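Source file: start_27.cif (mmCIF, C-alpha atoms)
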```
data_entry
loop_
_atom_site.group_PDB
_atom_site.id
_atom_site.type_symbol
_atom_site.label_atom_id
_atom_site.label_comp_id
_atom_site.auth_asym_id
_atom_site.auth_seq_id
_atom_site.Cartn_x
_atom_site.Cartn_y
_atom_site.Cartn_z
ATOM 1 C CA MET A 1425 5.644 38.188 16.704
ATOM 2 C CA ARG A 1426 6.024 37.877 12.947
ATOM 3 C CA SER A 1427 3.782 34.820 12.813
ATOM 4 C CA GLU A 1428 1.022 36.763 14.548
ATOM 5 C CA GLY A 1429 1.532 39.685 12.194
ATOM 6 C CA ILE A 1430 1.205 37.416 9.175
ATOM 7 C CA LYS A 1431 -2.330 36.580 10.313
ATOM 8 C CA ASN A 1432 -3.251 40.270 10.516
ATOM 9 C CA SER A 1433 -5.693 40.911 7.671
ATOM 10 C CA ALA A 1434 -5.064 44.666 7.953
ATOM 11 C CA LEU A 1435 -1.588 44.175 6.499
ATOM 12 C CA SER A 1436 -1.024 44.364 2.768
ATOM 13 C CA PRO A 1437 0.274 41.313 0.897
ATOM 14 C CA LEU A 1438 3.685 42.997 0.629
ATOM 15 C CA GLU A 1439 3.781 43.619 4.373
ATOM 16 C CA ARG A 1440 2.883 39.997 5.082
ATOM 17 C CA GLY A 1441 5.512 38.935 2.565
ATOM 18 C CA ASP A 1442 8.113 40.992 4.410
ATOM 19 C CA LEU A 1443 7.231 39.170 7.617
ATOM 20 C CA HIS A 1444 7.716 35.820 5.860
ATOM 21 C CA PHE A 1445 11.102 37.064 4.626
ATOM 22 C CA GLY A 1446 12.030 37.922 8.209
ATOM 23 C CA ASN A 1447 11.091 34.420 9.336
ATOM 24 C CA ALA A 1448 13.104 32.941 6.474
ATOM 25 C CA TYR A 1449 16.241 34.827 7.400
ATOM 26 C CA THR A 1450 15.883 33.685 11.001
ATOM 27 C CA TYR A 1451 15.950 30.090 9.726
ATOM 28 C CA VAL A 1452 18.922 30.873 7.479
ATOM 29 C CA GLN A 1453 20.888 32.098 10.503
ATOM 30 C CA MET A 1454 20.141 28.732 12.137
ATOM 31 C CA LYS A 1455 21.195 26.941 8.897
ATOM 32 C CA ARG A 1456 17.717 25.450 8.563
ATOM 33 C CA TYR A 1457 17.567 26.028 4.833
ATOM 34 C CA LYS A 1458 14.537 23.851 4.074
ATOM 35 C CA LYS A 1459 12.433 25.758 6.630
ATOM 36 C CA ALA A 1460 13.804 29.037 5.281
ATOM 37 C CA THR A 1461 12.734 28.166 1.753
ATOM 38 C CA LEU A 1462 9.228 27.349 2.942
ATOM 39 C CA CYS A 1463 9.033 30.865 4.382
ATOM 40 C CA PHE A 1464 10.376 32.310 1.129
ATOM 41 C CA ASP A 1465 7.682 30.327 -0.711
ATOM 42 C CA ASN A 1466 5.063 32.003 1.457
ATOM 43 C CA ALA A 1467 6.598 35.439 0.924
ATOM 44 C CA PHE A 1468 6.608 35.078 -2.849
ATOM 45 C CA GLU A 1469 3.061 33.710 -2.804
ATOM 46 C CA GLU A 1470 1.817 36.655 -0.738
ATOM 47 C CA ALA A 1471 3.317 39.064 -3.277
ATOM 48 C CA ARG A 1472 2.438 37.077 -6.398
ATOM 49 C CA HIS A 1473 0.044 39.753 -7.708
ATOM 50 C CA GLU A 1474 1.941 42.744 -6.356
ATOM 51 C CA GLU A 1475 4.670 44.825 -7.925
ATOM 52 C CA PHE A 1476 7.784 44.924 -5.793
ATOM 53 C CA PRO A 1477 11.256 46.246 -6.611
ATOM 54 C CA TYR A 1478 14.278 44.247 -7.636
ATOM 55 C CA ASP A 1479 16.681 43.451 -4.830
ATOM 56 C CA LYS A 1480 20.109 41.831 -5.026
ATOM 57 C CA GLN A 1481 19.089 39.554 -2.145
ATOM 58 C CA TYR A 1482 17.142 37.420 -4.633
ATOM 59 C CA GLU A 1483 20.448 35.920 -5.770
ATOM 60 C CA GLN A 1484 21.186 34.911 -2.173
ATOM 61 C CA ILE A 1485 17.721 33.412 -1.859
ATOM 62 C CA LEU A 1486 18.381 31.217 -4.885
ATOM 63 C CA GLU A 1487 21.543 29.966 -3.216
ATOM 64 C CA ILE A 1488 19.511 29.064 -0.116
ATOM 65 C CA TYR A 1489 17.109 27.041 -2.271
ATOM 66 C CA LEU A 1490 20.082 25.155 -3.673
ATOM 67 C CA LYS A 1491 21.434 24.516 -0.171
ATOM 68 C CA ALA A 1492 18.008 23.110 0.711
ATOM 69 C CA GLY A 1493 18.154 20.757 -2.283
ATOM 70 C CA ARG A 1494 15.309 22.561 -4.037
ATOM 71 C CA GLU A 1495 16.937 23.146 -7.422
ATOM 72 C CA GLN A 1496 13.735 22.997 -9.467
ATOM 73 C CA ASP A 1497 12.094 25.533 -7.189
ATOM 74 C CA ALA A 1498 15.121 27.835 -7.458
ATOM 75 C CA LEU A 1499 14.791 27.713 -11.235
ATOM 76 C CA ARG A 1500 11.035 28.371 -11.086
ATOM 77 C CA ILE A 1501 11.485 31.328 -8.750
ATOM 78 C CA VAL A 1502 14.238 32.951 -10.792
ATOM 79 C CA GLU A 1503 12.114 32.581 -13.931
ATOM 80 C CA GLU A 1504 9.110 34.140 -12.182
ATOM 81 C CA LEU A 1505 11.264 37.010 -10.948
ATOM 82 C CA ILE A 1506 12.689 37.624 -14.420
ATOM 83 C CA GLU A 1507 9.116 37.864 -15.738
ATOM 84 C CA ARG A 1508 8.732 40.928 -13.510
ATOM 85 C CA SER A 1509 11.091 42.832 -15.812
ATOM 86 C CA TYR A 1510 8.005 44.216 -17.577
ATOM 87 C CA TYR A 1511 7.745 46.801 -14.791
ATOM 88 C CA ASP A 1512 11.343 46.823 -13.477
ATOM 89 C CA LYS A 1513 14.131 46.082 -15.953
ATOM 90 C CA LYS A 1514 16.519 45.403 -13.067
ATOM 91 C CA PHE A 1515 14.959 41.941 -12.760
ATOM 92 C CA LEU A 1516 16.787 41.088 -15.998
ATOM 93 C CA ARG A 1517 19.972 41.080 -13.907
ATOM 94 C CA LEU A 1518 18.785 37.679 -12.694
ATOM 95 C CA GLU A 1519 19.490 36.126 -16.100
ATOM 96 C CA THR A 1520 23.033 35.431 -14.889
ATOM 97 C CA ALA A 1521 21.670 33.872 -11.706
ATOM 98 C CA LYS A 1522 19.346 31.715 -13.796
ATOM 99 C CA ARG A 1523 22.289 30.370 -15.798
ATOM 100 C CA TRP A 1524 24.140 29.722 -12.534
ATOM 101 C CA VAL A 1525 21.165 27.768 -11.137
ATOM 102 C CA GLN A 1526 20.962 25.724 -14.340
ATOM 103 C CA THR A 1527 24.691 24.971 -14.173
ATOM 104 C CA GLU A 1528 24.385 23.896 -10.541
ATOM 105 C CA MET A 1529 21.476 21.636 -11.478
ATOM 106 C CA GLN A 1530 23.555 20.017 -14.214
ATOM 107 C CA LYS A 1531 26.490 19.489 -11.848
ATOM 108 C CA ARG A 1532 24.258 17.863 -9.269
ATOM 109 C CA ALA A 1533 22.642 15.647 -11.862
ATOM 110 C CA LEU A 1534 26.058 14.352 -12.907
ATOM 111 C CA SER A 1535 27.253 13.609 -9.395
#
```

Encoded form (structure tokens):
Amino acid sequence: MRSEGIKNSALSPLERGDLHFGNAYTYVQMKRYKKATLCFDNAFEEARHEEFPYDKQYEQILEIYLKAGREQDALRIVEELIERSYYDKKFLRLETAKRWVQTEMQKRALS
């Protein structure tokens, strides 16, 4: 159902993004993290030019990217989200998550 909805041109980019998020969380429940991150990629791309509110779930999404072995993408996404602080200062809360991602990247590079 969500995949059909994503194709619906009557939906706004944020609505299509929400459908991608739904697909992603379905894959997370199945522990298919790589597929989940591809859906998150699509969700963030849909909303690239939209203003959307901060949500604590972004920290969980970063963890899913790390589980999928996509450290560089996790760093890119957290940086892009932090840039959104110009309209919602709550995105600055992700600075801690950014440092955590960087630390995880360093640990993985050393192992």

Non-local contacts of A:Thr1450 (12 Å; all atoms listed in the file; under 4 positions in same chain excluded) as a list in words: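 Near A:Thr1450, the qualifying residues are Arg1426, Leu1443, His1444, Phe1445, Gly1446, Met1454, Lys1455, Arg1456, Tyr1457, Lys1459, Ala1460, Thr1461, Cys1463 and Phe1464 of chain A.
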
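The protein and nucleic acid residues lying at most 12 Å from A:Tyr1510 are Glu1475, Phe1476, Pro1477, Tyr1478, Glu1504, Leu1505, Ile1506, Glu1507, Lys1513, Lys1514, Phe1515 and Leu1516 of chain A, with all atoms listed in the file considered and sequence neighbours fewer than 3 positions away removed.
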
Keeping only C-alpha atoms, write the selected residues as a PDB file, in the coordinates of the input.
```
ATOM      1  CA  GLU A1475       4.670  44.825  -7.925  1.00  0.00           C
ATOM      2  CA  PHE A1476       7.784  44.924  -5.793  1.00  0.00           C
ATOM      3  CA  PRO A1477      11.256  46.246  -6.611  1.00  0.00           C
ATOM      4  CA  TYR A1478      14.278  44.247  -7.636  1.00  0.00           C
ATOM      5  CA  GLU A1504       9.110  34.140 -12.182  1.00  0.00           C
ATOM      6  CA  LEU A1505      11.264  37.010 -10.948  1.00  0.00           C
ATOM      7  CA  ILE A1506      12.689  37.624 -14.420  1.00  0.00           C
ATOM      8  CA  GLU A1507       9.116  37.864 -15.738  1.00  0.00           C
ATOM      9  CA  LYS A1513      14.131  46.082 -15.953  1.00  0.00           C
ATOM     10  CA  LYS A1514      16.519  45.403 -13.067  1.00  0.00           C
ATOM     11  CA  PHE A1515      14.959  41.941 -12.760  1.00  0.00           C
ATOM     12  CA  LEU A1516      16.787  41.088 -15.998  1.00  0.00           C
TER      13      LEU A1516
END
```

Matched chain/residue IDs from the PyMOL selection byres ((chain A and resi 1487) around 12), as a ChimeraX atom specification: /A:1452,1457-1458,1460-1461,1481-1486,1488-1495,1497-1499,1501-1502,1521-1522,1524-1526,1528-1529

Matched chain/residue IDs from the PyMOL selection byres ((chain A and resi 1441) around 7), as a list in words: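 With the PyMOL selection byres ((chain A and resi 1441) around 7) on this model, the match is Pro1437, Leu1438, Glu1439, Arg1440, Asp1442, Leu1443, His1444, Phe1445, Ala1467, Phe1468, Glu1470 and Ala1471 of chain A.
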
Counting all atoms listed in the file, the option among A:Asn1447, A:Thr1527, A:Gln1453, A:Ser1509 closest to A:Asn1466: A:Asn1447

Å distance separating atom CA of A:Glu1503 from atom CA of A:Leu1518, one decimal place: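 Between atom CA of A:Glu1503 and atom CA of A:Leu1518 the gap is 8.5 Å.
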
Length of the atom CA of A:Lys1480 to atom CA of A:Arg1517 vector [Å]: 8.9 Å

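Separating atom CA of A:Asp1512 from atom CA of A:His1473 is a distance of 14.5 Å.
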
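Residue nearest A:Gln1496 within the list A:Leu1435, A:Ile1430, A:Gln1530, A:Tyr1449: A:Gln1530 [criterion: smallest interatomic distance, all atoms listed in the file].
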